[in-house]
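S.K.: My structure file input07.txt, compact mmCIF, C-alpha atoms and all ligand atoms, is below:
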```
# COMPACT_ATOMS: atom_id res chain seq x y z
CA MET A 119 62.65 -39.69 -17.44
CA THR A 120 64.43 -36.42 -16.81
CA ASP A 121 62.77 -33.14 -15.90
CA THR A 122 63.33 -31.68 -19.32
CA ALA A 123 61.52 -34.58 -20.96
CA THR A 124 58.32 -34.42 -18.91
CA ARG A 125 56.83 -31.81 -21.18
CA ALA A 126 57.67 -33.48 -24.46
CA ASP A 127 57.14 -30.68 -26.90
CA HIS A 128 57.20 -31.99 -30.43
CA ILE A 129 59.37 -29.98 -32.79
CA LEU A 130 59.08 -30.53 -36.54
CA ILE A 131 62.19 -29.54 -38.50
CA ILE A 132 61.66 -29.06 -42.23
CA GLU A 133 65.15 -28.80 -43.67
CA ASP A 134 66.77 -30.45 -46.69
CA GLU A 135 70.37 -29.93 -45.58
CA GLU A 136 70.94 -33.16 -43.75
CA ASN A 137 73.84 -31.96 -41.61
CA ILE A 138 71.83 -29.01 -40.28
CA ALA A 139 68.75 -31.14 -39.64
CA SER A 140 70.62 -33.86 -37.79
CA PHE A 141 72.66 -31.36 -35.80
CA ALA A 142 69.49 -29.55 -34.70
CA ARG A 143 67.76 -32.86 -33.92
CA MET A 144 70.66 -34.01 -31.75
CA TYR A 145 70.66 -30.84 -29.65
CA LEU A 146 66.88 -30.65 -29.33
CA GLU A 147 66.59 -34.30 -28.29
CA ALA A 148 69.32 -33.73 -25.70
CA GLU A 149 67.08 -30.96 -24.29
CA GLY A 150 64.15 -33.37 -24.01
CA PHE A 151 62.20 -32.37 -27.10
CA ARG A 152 60.57 -34.93 -29.37
CA VAL A 153 61.82 -34.24 -32.89
CA SER A 154 60.62 -35.09 -36.39
CA VAL A 155 62.56 -34.16 -39.51
CA ALA A 156 61.20 -33.76 -43.03
CA ASP A 157 63.64 -33.17 -45.88
CA ARG A 158 61.08 -31.89 -48.38
CA GLY A 159 58.63 -29.03 -48.09
CA ASP A 160 55.57 -30.97 -49.24
CA VAL A 161 56.35 -33.82 -46.84
CA GLY A 162 56.87 -31.33 -44.00
CA LEU A 163 53.52 -29.71 -44.67
CA ASP A 164 51.80 -33.11 -44.53
CA VAL A 165 53.55 -33.99 -41.26
CA ALA A 166 52.64 -30.60 -39.75
CA ARG A 167 48.98 -31.16 -40.62
CA SER A 168 48.75 -34.78 -39.54
CA GLU A 169 50.91 -34.80 -36.39
CA HIS A 170 50.16 -31.33 -34.97
CA PRO A 171 53.67 -30.60 -33.67
CA THR A 172 54.12 -27.99 -30.93
CA LEU A 173 56.38 -25.86 -33.11
CA VAL A 174 57.76 -25.93 -36.65
CA VAL A 175 61.29 -24.93 -37.66
CA VAL A 176 61.21 -24.43 -41.41
CA ASP A 177 64.00 -23.71 -43.86
CA LEU A 178 63.26 -21.18 -46.55
CA MET A 179 64.64 -22.96 -49.62
CA LEU A 180 63.27 -26.49 -49.86
CA PRO A 181 62.42 -29.00 -52.56
CA GLY A 182 58.70 -29.49 -53.10
CA VAL A 183 57.18 -26.49 -51.34
CA ASP A 184 59.31 -23.61 -50.02
CA GLY A 185 59.32 -22.22 -46.49
CA PHE A 186 57.25 -19.17 -47.36
CA GLU A 187 54.50 -21.28 -48.84
CA ILE A 188 54.56 -23.71 -45.90
CA THR A 189 54.22 -20.79 -43.47
CA ARG A 190 51.44 -19.24 -45.52
CA GLN A 191 49.50 -22.49 -45.74
CA LEU A 192 49.88 -23.35 -42.05
CA ARG A 193 48.79 -19.83 -41.09
CA THR A 194 45.50 -20.13 -42.95
CA SER A 195 44.29 -22.66 -40.40
CA SER A 196 46.47 -22.51 -37.30
CA ARG A 197 48.51 -20.40 -34.92
CA ILE A 198 51.22 -23.04 -34.57
CA PRO A 199 54.53 -21.31 -33.69
CA ILE A 200 56.88 -21.17 -36.69
CA ILE A 201 60.59 -20.34 -36.69
CA MET A 202 62.04 -19.74 -40.13
CA LEU A 203 65.62 -20.54 -41.06
CA THR A 204 67.08 -18.00 -43.44
CA ALA A 205 70.31 -17.66 -45.35
CA ARG A 206 72.93 -15.30 -43.96
CA ASP A 207 72.78 -11.66 -45.02
CA ASP A 208 69.43 -11.90 -46.70
CA PRO A 209 67.26 -9.29 -44.94
CA ILE A 210 64.51 -9.56 -47.54
CA ASP A 211 63.89 -13.13 -46.47
CA LYS A 212 63.45 -12.12 -42.84
CA VAL A 213 60.94 -9.41 -43.58
CA VAL A 214 58.93 -11.50 -45.99
CA GLY A 215 59.06 -14.46 -43.57
CA LEU A 216 57.65 -12.38 -40.74
CA GLU A 217 55.00 -10.95 -43.05
CA MET A 218 53.95 -14.47 -43.94
CA GLY A 219 53.36 -15.15 -40.25
CA ALA A 220 56.57 -16.72 -38.94
CA ASP A 221 57.10 -15.96 -35.24
CA ASP A 222 60.84 -15.65 -35.41
CA TYR A 223 63.74 -16.36 -37.70
CA ILE A 224 67.26 -17.64 -37.30
CA THR A 225 70.08 -17.04 -39.71
CA LYS A 226 72.16 -20.02 -40.78
CA PRO A 227 74.69 -21.07 -39.64
CA PHE A 228 73.33 -20.87 -36.10
CA ASN A 229 74.55 -21.81 -32.68
CA PRO A 230 72.45 -24.68 -31.24
CA ARG A 231 72.12 -22.74 -27.96
CA GLU A 232 70.52 -19.91 -29.89
CA LEU A 233 68.10 -22.27 -31.62
CA ILE A 234 67.03 -23.74 -28.29
CA ALA A 235 66.69 -20.30 -26.68
CA ARG A 236 64.53 -19.07 -29.58
CA ILE A 237 62.35 -22.19 -29.47
CA ARG A 238 61.82 -21.84 -25.73
CA ALA A 239 61.04 -18.13 -26.07
CA VAL A 240 58.49 -18.74 -28.84
CA LEU A 241 56.88 -21.61 -26.90
CA ARG A 242 56.67 -19.46 -23.77
CA ARG A 243 54.96 -16.67 -25.64
CA SER A 244 52.52 -19.02 -27.34
CA ASP A 245 51.48 -20.87 -24.18
CA PRO A 246 49.27 -18.66 -22.00
CA SER A 247 49.38 -21.10 -19.07
CA LEU A 248 53.15 -20.65 -18.84
CA GLN A 249 52.95 -16.89 -18.93
CA ASP A 250 50.92 -16.59 -15.78
CA PRO A 251 51.67 -19.14 -13.05
CA THR A 252 48.44 -18.22 -11.22
CA GLY A 253 46.39 -19.68 -14.08
CA PRO A 254 44.55 -18.42 -17.13
CA ASP A 255 43.91 -14.70 -17.21
CA ASP A 256 40.24 -13.87 -17.80
CA THR A 257 40.90 -10.18 -18.47
CA VAL A 258 39.22 -8.82 -21.58
CA LEU A 259 40.47 -5.54 -23.06
CA GLU A 260 37.88 -3.57 -25.01
CA LEU A 261 38.66 -0.79 -27.42
CA GLY A 262 35.84 0.35 -29.69
CA ALA A 263 34.71 -2.61 -31.79
CA MET A 264 37.72 -4.71 -30.71
CA ARG A 265 37.78 -7.20 -27.82
CA ILE A 266 40.98 -8.89 -26.68
CA ALA A 267 40.71 -11.94 -24.37
CA LEU A 268 44.11 -12.18 -22.68
CA GLY A 269 43.71 -15.72 -21.33
CA GLY A 270 42.44 -17.28 -24.53
CA ARG A 271 44.66 -15.01 -26.61
CA GLU A 272 41.71 -14.23 -28.86
CA VAL A 273 40.90 -11.04 -30.70
CA GLU A 274 37.48 -10.16 -32.07
CA VAL A 275 36.40 -7.23 -34.15
CA ASN A 276 32.62 -6.76 -34.28
CA ASP A 277 32.30 -10.30 -32.86
CA GLU A 278 34.38 -11.78 -35.70
CA ALA A 279 37.58 -13.63 -34.68
CA VAL A 280 40.82 -12.19 -36.08
CA ALA A 281 43.71 -14.67 -36.43
CA LEU A 282 46.95 -13.17 -35.12
CA THR A 283 50.35 -14.77 -34.71
CA PRO A 284 51.64 -15.02 -31.11
CA LYS A 285 53.88 -12.00 -31.60
CA GLU A 286 51.24 -9.90 -33.29
CA PHE A 287 48.99 -10.66 -30.34
CA ASP A 288 51.61 -9.71 -27.74
CA LEU A 289 52.43 -6.52 -29.62
CA LEU A 290 48.76 -5.55 -29.88
CA VAL A 291 48.16 -6.18 -26.16
CA LEU A 292 51.16 -4.08 -25.19
CA LEU A 293 50.04 -1.19 -27.40
CA VAL A 294 46.42 -1.37 -26.25
CA GLU A 295 47.39 -1.59 -22.58
CA ASN A 296 49.45 1.56 -23.12
CA ARG A 297 46.99 3.32 -25.40
CA GLY A 298 47.58 7.03 -25.77
CA ILE A 299 51.25 6.54 -24.89
CA VAL A 300 54.05 6.38 -27.45
CA MET A 301 55.94 3.09 -27.25
CA THR A 302 59.43 3.17 -28.75
CA ARG A 303 60.60 0.42 -31.06
CA GLU A 304 63.19 -0.55 -28.46
CA GLN A 305 60.52 -0.95 -25.76
CA LEU A 306 58.37 -3.02 -28.08
CA LEU A 307 61.28 -5.27 -29.12
CA GLU A 308 62.39 -5.83 -25.57
CA ARG A 309 58.95 -6.52 -24.13
CA VAL A 310 57.49 -8.58 -26.97
CA TRP A 311 60.56 -10.42 -28.22
CA GLY A 312 62.36 -10.56 -24.89
CA TYR A 313 65.63 -9.39 -26.36
CA THR A 314 66.77 -6.70 -28.73
CA PHE A 315 67.07 -7.84 -32.29
CA LEU A 316 70.46 -6.14 -32.81
CA GLY A 317 68.57 -2.96 -33.64
CA ASP A 318 66.48 -4.62 -36.29
CA SER A 319 63.49 -2.33 -35.85
CA ARG A 320 62.03 -3.34 -39.20
CA THR A 321 60.76 -6.41 -37.41
CA ILE A 322 58.42 -4.14 -35.46
CA ASP A 323 57.37 -2.27 -38.58
CA VAL A 324 56.48 -5.54 -40.32
CA HIS A 325 54.32 -6.68 -37.42
CA ILE A 326 52.61 -3.29 -37.15
CA ARG A 327 51.81 -3.44 -40.85
CA GLN A 328 50.24 -6.87 -40.36
CA LEU A 329 48.18 -5.67 -37.40
CA ARG A 330 46.90 -2.71 -39.40
CA ARG A 331 45.99 -4.96 -42.27
CA LYS A 332 44.20 -7.51 -40.10
CA LEU A 333 42.43 -5.08 -37.78
CA GLY A 334 41.56 -2.35 -40.29
CA ASP A 335 39.77 0.64 -38.79
CA ALA A 336 39.04 -1.20 -35.55
CA CYS A 337 42.44 -0.26 -34.14
CA GLN A 338 44.18 3.01 -34.93
CA ILE A 339 47.93 2.45 -34.63
CA GLU A 340 49.72 5.75 -35.23
CA THR A 341 53.31 5.98 -36.37
CA VAL A 342 55.26 8.48 -34.29
CA TRP A 343 57.99 9.39 -36.71
CA GLY A 344 61.49 8.48 -35.58
CA THR A 345 60.26 7.03 -32.29
CA GLY A 346 57.70 4.26 -32.40
CA TYR A 347 53.98 3.67 -32.29
CA LYS A 348 50.91 4.39 -30.25
CA VAL A 349 47.34 3.18 -30.27
CA VAL A 350 44.77 5.94 -30.12
CA ALA A 351 41.40 5.41 -28.51
CA PRO A 352 38.55 5.36 -31.06
CA ARG A 353 36.42 8.48 -31.18
CA CA B 401 67.47 -25.57 -47.93
```
Could the structure of this file be written out as structure tokens, please?

M.R.:
Amino acid sequence: MTDTATRADHILIIEDEENIASFARMYLEAEGFRVSVADRGDVGLDVARSEHPTLVVVDLMLPGVDGFEITRQLRTSSRIPIIMLTARDDPIDKVVGLEMGADDYITKPFNPRELIARIRAVLRRSDPSLQDPTGPDDTVLELGAMRIALGGREVEVNDEAVALTPKEFDLLVLLVENRGIVMTREQLLERVWGYTFLGDSRTIDVHIRQLRRKLGDACQIETVWGTGYKVVAPR
């Protein structure tokens, strides 16, 4: 067994275009991932629920159930990392996909290196034990009625758990750690996503909107026009 195969992350690819699915499978297996492919949305959803893969790569347009619906359904019960495949030049898809809870998206046709880099980045962000080599972080951030457990990556408002995607969580932590300070969209993109999204700052706006919706009055995220966002301490 090679080094890359010792941590056999299981990637589920839900994609009806056979050439894309088999191409992605070939590259991912060469990198040591275990790969399952489903060529229908409904089948993919069943496999995701029964086999608990480490990460799901889901195409948007699928027979059976589409990628949006798969993402929405998986998000009701799990924080499993999801990367959505979208058609080229279709920015609406990206925004809606991220709103539905996908962690990242890739535009087809994609370079296999990019797919692997995105998968590794999403897995890194979603695995707290890989983020801190000294072990789980037991730090808890408190802000008004909100508590954020960094190690467990859990957020509670008035003792009720709030389900956030891995990126929403990272974004919230960064803003709360820097409360009172304006964070620019570029800083947020670079520190949460690990690379700049070719200036696609709407990605940030979509995630901020989701955080506001999920956290309500418990977290005041102010828009600083033309610059970015800041969290203000509750009065
Ligand atoms: Ca398709």

S.K.: Show me which residues line ligand CA 401 (chain B), defined as having an atom within 10 Å of a ligand atom where only C-alpha atoms and all ligand atoms count, and present them as an mmCIF file with C-alpha atoms, keeping the file's coordinate frame.

M.R.:
```
data_model
loop_
_atom_site.group_PDB
_atom_site.id
_atom_site.type_symbol
_atom_site.label_atom_id
_atom_site.label_comp_id
_atom_site.auth_asym_id
_atom_site.auth_seq_id
_atom_site.Cartn_x
_atom_site.Cartn_y
_atom_site.Cartn_z
ATOM 1 C CA ILE A 132 61.660 -29.060 -42.230
ATOM 2 C CA GLU A 133 65.150 -28.800 -43.670
ATOM 3 C CA ASP A 134 66.770 -30.450 -46.690
ATOM 4 C CA GLU A 135 70.370 -29.930 -45.580
ATOM 5 C CA GLU A 136 70.940 -33.160 -43.750
ATOM 6 C CA ILE A 138 71.830 -29.010 -40.280
ATOM 7 C CA ASP A 157 63.640 -33.170 -45.880
ATOM 8 C CA ARG A 158 61.080 -31.890 -48.380
ATOM 9 C CA GLY A 159 58.630 -29.030 -48.090
ATOM 10 C CA VAL A 176 61.210 -24.430 -41.410
ATOM 11 C CA ASP A 177 64.000 -23.710 -43.860
ATOM 12 C CA LEU A 178 63.260 -21.180 -46.550
ATOM 13 C CA MET A 179 64.640 -22.960 -49.620
ATOM 14 C CA LEU A 180 63.270 -26.490 -49.860
ATOM 15 C CA PRO A 181 62.420 -29.000 -52.560
ATOM 16 C CA ASP A 184 59.310 -23.610 -50.020
ATOM 17 C CA GLY A 185 59.320 -22.220 -46.490
ATOM 18 C CA LEU A 203 65.620 -20.540 -41.060
ATOM 19 C CA THR A 204 67.080 -18.000 -43.440
ATOM 20 C CA ALA A 205 70.310 -17.660 -45.350
#
```

S.K.: Between CA of Ile198 (chain A) and CA of Ser154 (chain A), what is the distance in Å, rounded to a tenth?

M.R.: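 A separation of 15.4 Å between them.
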
S.K.: Which residue is closest to Ile339 (chain A)? Choose from A:Asn296, A:Thr283, A:Gln191, A:Ser168 and count only C-alpha atoms.

M.R.: A:Asn296

S.K.: Would you kindly return, as a VMD selection string, each protein, DNA or RNA residue with an atom no farther than 12 Å from any atom of Glu295 (chain A), considering all atoms listed in the file and excluding same-chain residues fewer than 6 positions away?

M.R.: chain A and resid 257 to 261 266 268 288 to 289 301 348 to 351

S.K.: So the first atom is CA of Val300 (chain A) and the second is CA of Ile326 (chain A); what is the distance between them in Å, to one decimal place?

M.R.: 13.8 Å

S.K.: Within 12 Å of (42.9, 4.0, -36.6), all atoms listed in the file: residues as a count of residues only?

M.R.: 24

S.K.: Measure the distance from CA of Arg303 (chain A) to CA of Met202 (chain A) in Å and round it to one decimal.

M.R.: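 It comes out at 22.2 Å.
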
S.K.: Counting only C-alpha atoms, find residues at most 10 Å from (59.6, -2.4, -27.8) (file frame) and give them as a PyMOL selection string.

M.R.: chain A and resi 289+292-293+301-314+319+322+346-347

S.K.: Excluding Pro284 (chain A) and residues on its chain fewer than 2 positions from it, collect all residues at most 9 Å away from it, counting only C-alpha atoms, and give them as a list in words.

M.R.: Arg197, Ile198, Pro199, Asp221, Val240, Arg243, Ser244, Arg271, Leu282, Glu286, Phe287, Asp288 and Leu289 of chain A

S.K.: Nearest residue to Ala148 (chain A) out of A:Gly298, A:Thr321, A:Glu274, A:Ile234, using all atoms listed in the file?

M.R.: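 Ranking A:Gly298, A:Thr321, A:Glu274, A:Ile234 by distance to Ala148 (chain A), first place goes to A:Ile234.
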
S.K.: Residues within 10 Å of Ala166 (chain A), please, as a PDB file with C-alpha atoms, keeping the file's coordinate frame. Count only C-alpha atoms; anything in the same chain fewer than 6 positions from it doesn't count.

M.R.:
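Listed below is the output, out.pdb:
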```pdb
ATOM      1  CA  ILE A 129      59.370 -29.980 -32.790  1.00  0.00           C
ATOM      2  CA  LEU A 130      59.080 -30.530 -36.540  1.00  0.00           C
ATOM      3  CA  ILE A 131      62.190 -29.540 -38.500  1.00  0.00           C
ATOM      4  CA  ILE A 132      61.660 -29.060 -42.230  1.00  0.00           C
ATOM      5  CA  SER A 154      60.620 -35.090 -36.390  1.00  0.00           C
ATOM      6  CA  ALA A 156      61.200 -33.760 -43.030  1.00  0.00           C
ATOM      7  CA  ASP A 160      55.570 -30.970 -49.240  1.00  0.00           C
ATOM      8  CA  THR A 172      54.120 -27.990 -30.930  1.00  0.00           C
ATOM      9  CA  LEU A 173      56.380 -25.860 -33.110  1.00  0.00           C
ATOM     10  CA  VAL A 174      57.760 -25.930 -36.650  1.00  0.00           C
ATOM     11  CA  ILE A 188      54.560 -23.710 -45.900  1.00  0.00           C
ATOM     12  CA  LEU A 192      49.880 -23.350 -42.050  1.00  0.00           C
ATOM     13  CA  ILE A 198      51.220 -23.040 -34.570  1.00  0.00           C
TER      14      ILE A 198
END
```

S.K.: Let me make sure I understand: among A:Val155, A:Thr189, A:Leu290, A:Ser195, which one has the smallest atom-to-atom distance to Glu272 (chain A) if we use all atoms listed in the file?

M.R.: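 Looking only at the distances to Glu272 (chain A), the closest residue turns out to be A:Leu290.
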
S.K.: Of the candidates A:Arg236, A:Thr194, A:Phe186, A:Leu241, which one gets nearest to His128 (chain A) if we count all atoms listed in the file?

M.R.: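 So, comparing all the options, the nearest one is A:Leu241.
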